[in-house]
Amino acid sequence: MAKEAVKYFGVDPWKITEKGFDPERSRVSESIFSLGNEYMGTRGFFDEVYSGDSLKGNYFNGVWEDKPITYFEHFKGLSERCCFMINAHNWIYTRIFVNGEELDLNKCEVKDFYRELDMKRGIVTRSFIWKDVKFTFERFISMTERTVAAQKIEMESVGFKGDIKIVAGSDFTPIHEEENRNFWNEIFNENGCIVARTQSSGQRVYCKFGANMAADKYFAEEKKACAEYNITLGNGEKKVFERLSINIAEKDTSIADDKFIAECDIKADTLLKTSYDEYKTAHEGFWADMWNKLDIVIEGDEENQQGVRFCIFNLHQTYHGEDGSLNVGAKGLTGEKYSGWTFWDSETYCLPFYMFNNPQAAKNLIMYRYNTLQQALERAVEQDTKGACYPMVTIDGTESCGVWQHGNLEIHVTAAIAYAVWHYVTNLRDKDFLYNYGARLLVETSRYFASRGGFSPKNGDFGLYGVMGPDEFHMMVNNNTYTNYMVKKMFLYTIEVIEEMKNECPELIPEIEDGELEDWKYKADKMRISYDEETKLFEQHDGYFDLPHIDVNSISPDRVPIYRYWAYDSIFRVNMLKQPDVVLMLFFFSKDFTMEQKKANYDYYEARCFHESSLSPSIHSIMATEIGKDDQAYEYAKYASRIDLDDYNRNTHQGLHITSAAAAWMNIVYGFGGMRTDDEILSFKPTLPKQWKGYQFKILYRGKILTVAIKDGKAKFVLDGEAEPIRIFDKEYNVGKEGIEVEI
Ligand code: BGC
């Protein structure tokens, strides 16, 4: 794979470090040093004014605006409205004056610049010396109280004597870059407390801060609430400024402003009674507990160690399932690209991470789809189909994709929701969820596919026509094998669940029309899956094997994204793949396929894959491991875990690839760990990359922690509770506290 790393950050198992500031990489650093807690997120821009290139991005999960999508005509079924997560207020707005001169790293010369993200504690610090004052900044966004964000500025004289002025504020003026405008109207601004409302969705954000020193004055500017602090610093002296900022987002537009503000005031005043250090201790405790339960340790490879921890860290920062109305945006809360949208990534790539780390988050990821079922039912009607048709990209449950080839044709997104129900229930055995919510999702998605497909007049096969599969380099194809296979499996699973419910809880069975189950069974049996017994190849879609060949290695790695350099339709005229498609099917339904099939299809499709999607390398690494291509597996894994740290796609400045971080986690656990979760019993076939001395990972399995440690030619499995059956190298063991050790 022709992608090159940009080595900029220091390598350390627990930290991301930056020594010396390079303005050219300022936006990349802002993405890397982002902090978040699912509710809100802040890029790692400087606290103080910086007149150089910067995206002062602050985002609230699910706080959006919308805009029309226009065509020259009304085309039925094409989305006409786009929702996007907007840039909110800068809660850490700061101005610093030393003896009257303002600090701006674009203009002032500073010494010993150093910045670090400590992933063990979830804290970002930065320090430098300017005008004989050593400034040390610290910030965190609380994991234990989601509305609290905290900032600390230490000023230590190293020969300085004089005055320092700090202006701290909450600033609603930043523009949303993608739209080049600001979306906030101020509705209240007094004594350092400010409230603003989005212009069309009417959502509100309240912000009030408190500091460890008394303000000399409060003042308001348009969309900005500020306080001024004057500090005198003697030679050798150190002073510390601490601020706690309370940020409350209200999406319910029916509550009156007065009531909202009064309630927020009470909440903020209570929250401000707790000290900076108390919040910090609780926040560090959250991370300590999290790492203790779920860390991945790699011996002998600091780069991958750092990379995989960075992925785990960012997944928890983006989502931990506190709120069923929230989801994982492809770029999380770290940038504006992809507009905070939820993709099928959540069900296919992110769900396993949460299933085996945080079951409540896993359930809530699927509940998000249940909570937006009504929108999917309405969308199906728009598409001349029945049941539920889920959007390709969304925030509020409606389709936001303005490129219809994706929005309308990527129907595998709807299959991913049924797949998620199956995957979650198979592994977590949450029958309560299945009967009360999952079954409805299965029925409505089956109903959709039964009405979306058709029969071939040639041979009576049932198939899905006019689709785009996971590989987005082929558009309006017939019978994408991945989608067809997925839908076939989900038809059969839906029938199985309904049969089970007839005995267990007939009163909860969702409404089903006469003959529907038989129809789904017939369509599953007749589903076209193009397969050539001789070569063992599945054809990606009808006619794929006839497409002109192109050597993916002949394309310069700098020509990405490809749609910017190639005429749009020319992408679809050759056999190059953007990301795994058939290979993904072989991974998701591992036990359905033979090793021979896996080898043949991996070799064939890997050679044609350009990996333009960041989701691609880890799946290839997982499958390469399974078929014994160890060197390739290692190369792909490295790319997956460090995609942002080494800016492989040259787009980290736009934000982090959060859903690919979940794929990178899978890369270790499913790849080298060889875990498979498509059967009633969890199974493993661990391997040890020759570049590593050993590694260990932990997963939460049915309420207990399973530790898997691989070293010195052995794999050890320990479950910290009552034993569970686990398959290791095709043999079933009862793994409990004493553990099981096998040769690898
Ligand atoms: C991929 C999609 C993915 C999206 C968001 C695209 O580049 O092709 O499969 O859903 O990115 O991660």
# chains A, B, ... in the order shown; residues from 1 in each chain; ligands from 1
>>> closest_atom_pairs(of="chain A", to="ligand 1", cutoff="9 Å", atoms="only C-alpha atoms and all ligand atoms", output="Markdown table")
| residue | atom | partner | partner_atom_place_in_ligand_line | distance |
| --- | --- | --- | --- | --- |
| A:Gly329 | CA | ligand 1 | 5 (C) | 8.4 |
| A:Ala330 | CA | ligand 1 | 12 (O) | 5.1 |
| A:Lys331 | CA | ligand 1 | 12 (O) | 7.9 |
| A:Tyr338 | CA | ligand 1 | 5 (C) | 7.4 |
| A:Trp341 | CA | ligand 1 | 5 (C) | 8.5 |
| A:Thr342 | CA | ligand 1 | 5 (C) | 8.1 |
| A:Phe343 | CA | ligand 1 | 10 (O) | 5.1 |
| A:Trp344 | CA | ligand 1 | 10 (O) | 5.7 |
| A:Asp345 | CA | ligand 1 | 10 (O) | 5.3 |
| A:Ser346 | CA | ligand 1 | 10 (O) | 8.7 |
| A:Met392 | CA | ligand 1 | 10 (O) | 7.9 |
| A:Val393 | CA | ligand 1 | 10 (O) | 8.2 |
| A:Val413 | CA | ligand 1 | 10 (O) | 8.8 |
| A:Gly469 | CA | ligand 1 | 9 (O) | 8.9 |
| A:Pro470 | CA | ligand 1 | 9 (O) | 5.6 |
| A:Asp471 | CA | ligand 1 | 8 (O) | 6.6 |
| A:Glu472 | CA | ligand 1 | 8 (O) | 5.6 |
| A:Phe473 | CA | ligand 1 | 8 (O) | 8.5 |
| A:Lys578 | CA | ligand 1 | 8 (O) | 6.8 |
| A:Gln579 | CA | ligand 1 | 8 (O) | 6.8 |
| A:Glu612 | CA | ligand 1 | 7 (O) | 6.9 |
| A:Ser613 | CA | ligand 1 | 7 (O) | 4.5 |
| A:Ser614 | CA | ligand 1 | 7 (O) | 6.9 |
| A:Leu615 | CA | ligand 1 | 12 (O) | 6.8 |
| A:Ser616 | CA | ligand 1 | 1 (C) | 8.7 |
| A:His657 | CA | ligand 1 | 12 (O) | 7.5 |
| A:Ile658 | CA | ligand 1 | 12 (O) | 8.3 |
| A:Thr659 | CA | ligand 1 | 12 (O) | 6.3 |
| A:Ser660 | CA | ligand 1 | 12 (O) | 7.3 |
>>> select_by_dssp(residues="segment 521-612 of chain A", states="strand (DSSP E or B)", output="PyMOL selection string")
chain A and resi 527+531-532+537-538+577+609
>>> atom_distance(atom1="atom CA of Gly515 of chain A", atom2="atom CA of Leu409 of chain A")
27.6 Å
>>> residues_around(residues="Phe219 of chain A", least_positions_apart="4", cutoff="8 Å", atoms="only C-alpha atoms", output="PyMOL selection string")
chain A and resi 190-192+225-227
>>> write_last_selection(atoms="N, CA, C and O atoms", output="PDB file, in the first residue's frame")
ATOM      1  N   GLU A 190     -24.692  38.305  30.574  1.00  0.00           N
ATOM      2  CA  GLU A 190     -24.545  39.131  31.775  1.00  0.00           C
ATOM      3  C   GLU A 190     -23.546  38.505  32.732  1.00  0.00           C
ATOM      4  O   GLU A 190     -23.609  37.279  32.961  1.00  0.00           O
ATOM      5  N   ASN A 191     -22.685  39.306  33.300  1.00  0.00           N
ATOM      6  CA  ASN A 191     -21.761  38.843  34.354  1.00  0.00           C
ATOM      7  C   ASN A 191     -21.061  37.530  34.033  1.00  0.00           C
ATOM      8  O   ASN A 191     -21.023  36.606  34.848  1.00  0.00           O
ATOM      9  N   GLY A 192     -20.570  37.421  32.840  1.00  0.00           N
ATOM     10  CA  GLY A 192     -19.800  36.220  32.485  1.00  0.00           C
ATOM     11  C   GLY A 192     -20.642  35.009  32.132  1.00  0.00           C
ATOM     12  O   GLY A 192     -20.110  33.924  31.922  1.00  0.00           O
ATOM     13  N   ALA A 225     -18.900  36.646  26.381  1.00  0.00           N
ATOM     14  CA  ALA A 225     -18.990  37.080  27.781  1.00  0.00           C
ATOM     15  C   ALA A 225     -17.609  36.929  28.396  1.00  0.00           C
ATOM     16  O   ALA A 225     -17.022  35.853  28.336  1.00  0.00           O
ATOM     17  N   CYS A 226     -17.088  38.034  28.960  1.00  0.00           N
ATOM     18  CA  CYS A 226     -15.691  38.001  29.407  1.00  0.00           C
ATOM     19  C   CYS A 226     -15.518  38.476  30.848  1.00  0.00           C
ATOM     20  O   CYS A 226     -16.370  39.198  31.386  1.00  0.00           O
ATOM     21  N   ALA A 227     -14.383  38.097  31.408  1.00  0.00           N
ATOM     22  CA  ALA A 227     -13.978  38.610  32.721  1.00  0.00           C
ATOM     23  C   ALA A 227     -12.489  38.905  32.658  1.00  0.00           C
ATOM     24  O   ALA A 227     -11.752  38.227  31.950  1.00  0.00           O
TER      25      ALA A 227
END
>>> residues_around(residues="Ser34 of chain A", least_positions_apart="4", cutoff="6 Å", atoms="only C-alpha atoms", output="PDB file with N, CA and C atoms, in the first residue's frame")
ATOM      1  N   THR A  42     -13.589  19.561  22.017  1.00  0.00           N
ATOM      2  CA  THR A  42     -12.830  20.777  21.712  1.00  0.00           C
ATOM      3  C   THR A  42     -11.538  20.398  21.018  1.00  0.00           C
ATOM      4  N   ARG A  43     -11.288  21.005  19.867  1.00  0.00           N
ATOM      5  CA  ARG A  43     -10.010  20.769  19.210  1.00  0.00           C
ATOM      6  C   ARG A  43      -8.874  21.349  20.064  1.00  0.00           C
ATOM      7  N   GLY A  44      -7.654  20.926  19.716  1.00  0.00           N
ATOM      8  CA  GLY A  44      -6.530  21.345  20.559  1.00  0.00           C
ATOM      9  C   GLY A  44      -5.947  22.692  20.192  1.00  0.00           C
TER      10      GLY A  44
END
>>> residues_around(residues="Glu284 of chain A", least_positions_apart="6", cutoff="10 Å", atoms="only C-alpha atoms", output="NGL selection string")
:A and (119-123 or 140 or 142-144 or 278 or 290)
>>> residues_around(residues="segment 602-607 of chain A", least_positions_apart="4", cutoff="12 Å", atoms="only C-alpha atoms", output="number ranges by chain")
A: 1, 471, 535-540, 544-545, 549-554, 575-587, 595-598, 611, 616-617, 619-629, 632-633, 636
>>> select_by_dssp(residues="segment 436-575 of chain A", states="alpha helix (DSSP H)", output="count of residues only")
49
>>> residues_around(residues="Met501 of chain A", least_positions_apart="5", cutoff="12 Å", atoms="only C-alpha atoms", output="list of chain:residue names")
A:Lys431, A:Asp432, A:Leu434, A:Tyr435, A:Asn436, A:Gly438, A:Ala439, A:Arg440, A:Thr494, A:Ile495, A:Glu496, A:Pro506, A:Glu507, A:Leu508, A:Ile509, A:Pro510
>>> write_last_selection(atoms="all heavy atoms", output="compact mmCIF listing (two decimals), in the first residue's frame")
# COMPACT_ATOMS: atom_id res chain seq x y z
N LYS A 431 -31.81 -10.69 25.45
CA LYS A 431 -33.11 -11.05 24.86
C LYS A 431 -34.16 -9.97 25.13
O LYS A 431 -35.09 -9.79 24.36
CB LYS A 431 -33.60 -12.39 25.42
CG LYS A 431 -32.71 -13.54 25.02
CD LYS A 431 -32.95 -13.98 23.59
CE LYS A 431 -32.02 -15.11 23.23
NZ LYS A 431 -32.27 -15.86 22.06
N ASP A 432 -34.00 -9.30 26.23
CA ASP A 432 -34.92 -8.23 26.56
C ASP A 432 -34.88 -7.16 25.46
O ASP A 432 -35.91 -6.71 24.96
CB ASP A 432 -34.50 -7.65 27.91
CG ASP A 432 -35.46 -6.58 28.36
OD1 ASP A 432 -36.64 -6.93 28.54
OD2 ASP A 432 -35.03 -5.41 28.49
N LEU A 434 -33.79 -7.70 22.43
CA LEU A 434 -34.22 -8.32 21.18
C LEU A 434 -35.75 -8.29 21.05
O LEU A 434 -36.29 -7.86 20.03
CB LEU A 434 -33.72 -9.76 21.10
CG LEU A 434 -34.17 -10.55 19.86
CD1 LEU A 434 -33.59 -9.93 18.59
CD2 LEU A 434 -33.75 -12.02 19.96
N TYR A 435 -36.42 -8.72 22.11
CA TYR A 435 -37.88 -8.83 22.01
C TYR A 435 -38.56 -7.46 21.99
O TYR A 435 -39.56 -7.28 21.31
CB TYR A 435 -38.42 -9.67 23.18
CG TYR A 435 -37.89 -11.10 23.20
CD1 TYR A 435 -37.75 -11.80 24.40
CD2 TYR A 435 -37.50 -11.74 22.02
CE1 TYR A 435 -37.25 -13.10 24.42
CE2 TYR A 435 -36.99 -13.04 22.04
CZ TYR A 435 -36.87 -13.71 23.24
OH TYR A 435 -36.37 -14.98 23.27
N ASN A 436 -38.00 -6.53 22.76
CA ASN A 436 -38.67 -5.23 22.87
C ASN A 436 -38.33 -4.25 21.75
O ASN A 436 -39.15 -3.41 21.41
CB ASN A 436 -38.38 -4.59 24.22
CG ASN A 436 -39.15 -5.28 25.32
OD1 ASN A 436 -40.37 -5.18 25.37
ND2 ASN A 436 -38.45 -6.02 26.17
N GLY A 438 -35.21 -4.96 19.17
CA GLY A 438 -34.49 -5.55 18.04
C GLY A 438 -35.44 -6.19 17.02
O GLY A 438 -35.26 -6.03 15.80
N ALA A 439 -36.44 -6.90 17.52
CA ALA A 439 -37.35 -7.62 16.61
C ALA A 439 -38.03 -6.65 15.65
O ALA A 439 -38.19 -6.92 14.45
CB ALA A 439 -38.39 -8.38 17.42
N ARG A 440 -38.42 -5.51 16.16
CA ARG A 440 -39.09 -4.51 15.30
C ARG A 440 -38.11 -4.03 14.21
O ARG A 440 -38.48 -3.88 13.05
CB ARG A 440 -39.56 -3.33 16.16
CG ARG A 440 -40.25 -2.23 15.41
CD ARG A 440 -41.73 -2.51 15.21
NE ARG A 440 -42.32 -1.68 14.15
CZ ARG A 440 -42.73 -0.43 14.28
NH1 ARG A 440 -42.65 0.17 15.45
NH2 ARG A 440 -43.25 0.23 13.26
N THR A 494 -34.42 -12.96 11.00
CA THR A 494 -35.70 -12.37 11.40
C THR A 494 -36.74 -13.48 11.61
O THR A 494 -37.47 -13.50 12.62
CB THR A 494 -36.19 -11.38 10.32
OG1 THR A 494 -35.14 -10.45 10.07
CG2 THR A 494 -37.43 -10.62 10.76
N ILE A 495 -36.78 -14.40 10.67
CA ILE A 495 -37.75 -15.50 10.77
C ILE A 495 -37.49 -16.32 12.04
O ILE A 495 -38.40 -16.65 12.80
CB ILE A 495 -37.67 -16.39 9.50
CG1 ILE A 495 -38.09 -15.56 8.28
CG2 ILE A 495 -38.50 -17.65 9.63
CD1 ILE A 495 -37.72 -16.16 6.93
N GLU A 496 -36.20 -16.59 12.28
CA GLU A 496 -35.83 -17.37 13.47
C GLU A 496 -36.28 -16.66 14.76
O GLU A 496 -36.83 -17.28 15.67
CB GLU A 496 -34.30 -17.49 13.44
CG GLU A 496 -33.69 -18.41 14.44
CD GLU A 496 -32.15 -18.26 14.38
OE1 GLU A 496 -31.57 -18.34 13.27
OE2 GLU A 496 -31.55 -18.04 15.45
N PRO A 506 -45.26 -14.07 22.70
CA PRO A 506 -46.07 -13.80 21.50
C PRO A 506 -46.65 -12.38 21.50
O PRO A 506 -46.82 -11.78 20.44
CB PRO A 506 -47.17 -14.86 21.54
CG PRO A 506 -47.06 -15.51 22.87
CD PRO A 506 -45.72 -15.25 23.42
N GLU A 507 -46.90 -11.85 22.69
CA GLU A 507 -47.53 -10.51 22.77
C GLU A 507 -46.59 -9.41 22.27
O GLU A 507 -47.04 -8.31 21.95
CB GLU A 507 -48.03 -10.23 24.20
CG GLU A 507 -46.98 -10.00 25.28
CD GLU A 507 -46.15 -11.24 25.69
OE1 GLU A 507 -46.44 -12.36 25.23
OE2 GLU A 507 -45.21 -11.06 26.48
N LEU A 508 -45.30 -9.70 22.20
CA LEU A 508 -44.35 -8.66 21.77
C LEU A 508 -44.01 -8.74 20.28
O LEU A 508 -43.26 -7.91 19.76
CB LEU A 508 -43.05 -8.76 22.58
CG LEU A 508 -43.14 -8.44 24.07
CD1 LEU A 508 -41.78 -8.63 24.74
CD2 LEU A 508 -43.63 -7.01 24.29
N ILE A 509 -44.54 -9.74 19.58
CA ILE A 509 -44.18 -9.89 18.17
C ILE A 509 -44.69 -8.68 17.38
O ILE A 509 -45.86 -8.32 17.46
CB ILE A 509 -44.79 -11.19 17.58
CG1 ILE A 509 -44.18 -12.40 18.27
CG2 ILE A 509 -44.57 -11.28 16.06
CD1 ILE A 509 -44.74 -13.74 17.83
N PRO A 510 -43.80 -8.03 16.64
CA PRO A 510 -44.24 -6.87 15.86
C PRO A 510 -45.26 -7.31 14.81
O PRO A 510 -45.30 -8.48 14.42
CB PRO A 510 -42.96 -6.37 15.18
CG PRO A 510 -41.84 -7.07 15.83
CD PRO A 510 -42.37 -8.30 16.47
>>> atom_distance(atom1="atom CA of Ser245 of chain A", atom2="atom CA of Ser200 of chain A")
25.8 Å
>>> closest_residue(among="A:Ser400, A:Asn427, A:Asn484, A:Ser31", to="Trp64 of chain A", atoms="only C-alpha atoms")
A:Ser400
>>> atom_distance(atom1="atom CA of Ile164 of chain A", atom2="atom CA of Gly100 of chain A")
7.7 Å
>>> decode(residues="segment 211-232 of chain A", atoms="C-alpha atoms", output="compact mmCIF listing (two decimals), in the first residue's frame")
# COMPACT_ATOMS: atom_id res chain seq x y z
CA ALA A 211 -12.35 31.02 38.41
CA ASN A 212 -10.12 30.55 41.44
CA MET A 213 -9.51 34.31 41.59
CA ALA A 214 -11.96 37.19 41.74
CA ALA A 215 -12.52 39.00 38.45
CA ASP A 216 -11.56 42.68 38.34
CA LYS A 217 -14.42 43.24 35.98
CA TYR A 218 -16.94 41.44 33.81
CA PHE A 219 -17.76 42.77 30.37
CA ALA A 220 -19.85 41.70 27.42
CA GLU A 221 -19.05 41.99 23.74
CA GLU A 222 -21.31 40.80 20.98
CA LYS A 223 -21.74 37.01 21.41
CA LYS A 224 -18.92 37.02 23.97
CA ALA A 225 -18.99 37.08 27.78
CA CYS A 226 -15.69 38.00 29.41
CA ALA A 227 -13.98 38.61 32.72
CA GLU A 228 -10.68 40.35 33.36
CA TYR A 229 -8.07 39.26 35.90
CA ASN A 230 -5.01 41.36 36.77
CA ILE A 231 -2.06 39.59 38.27
CA THR A 232 1.22 40.92 39.59
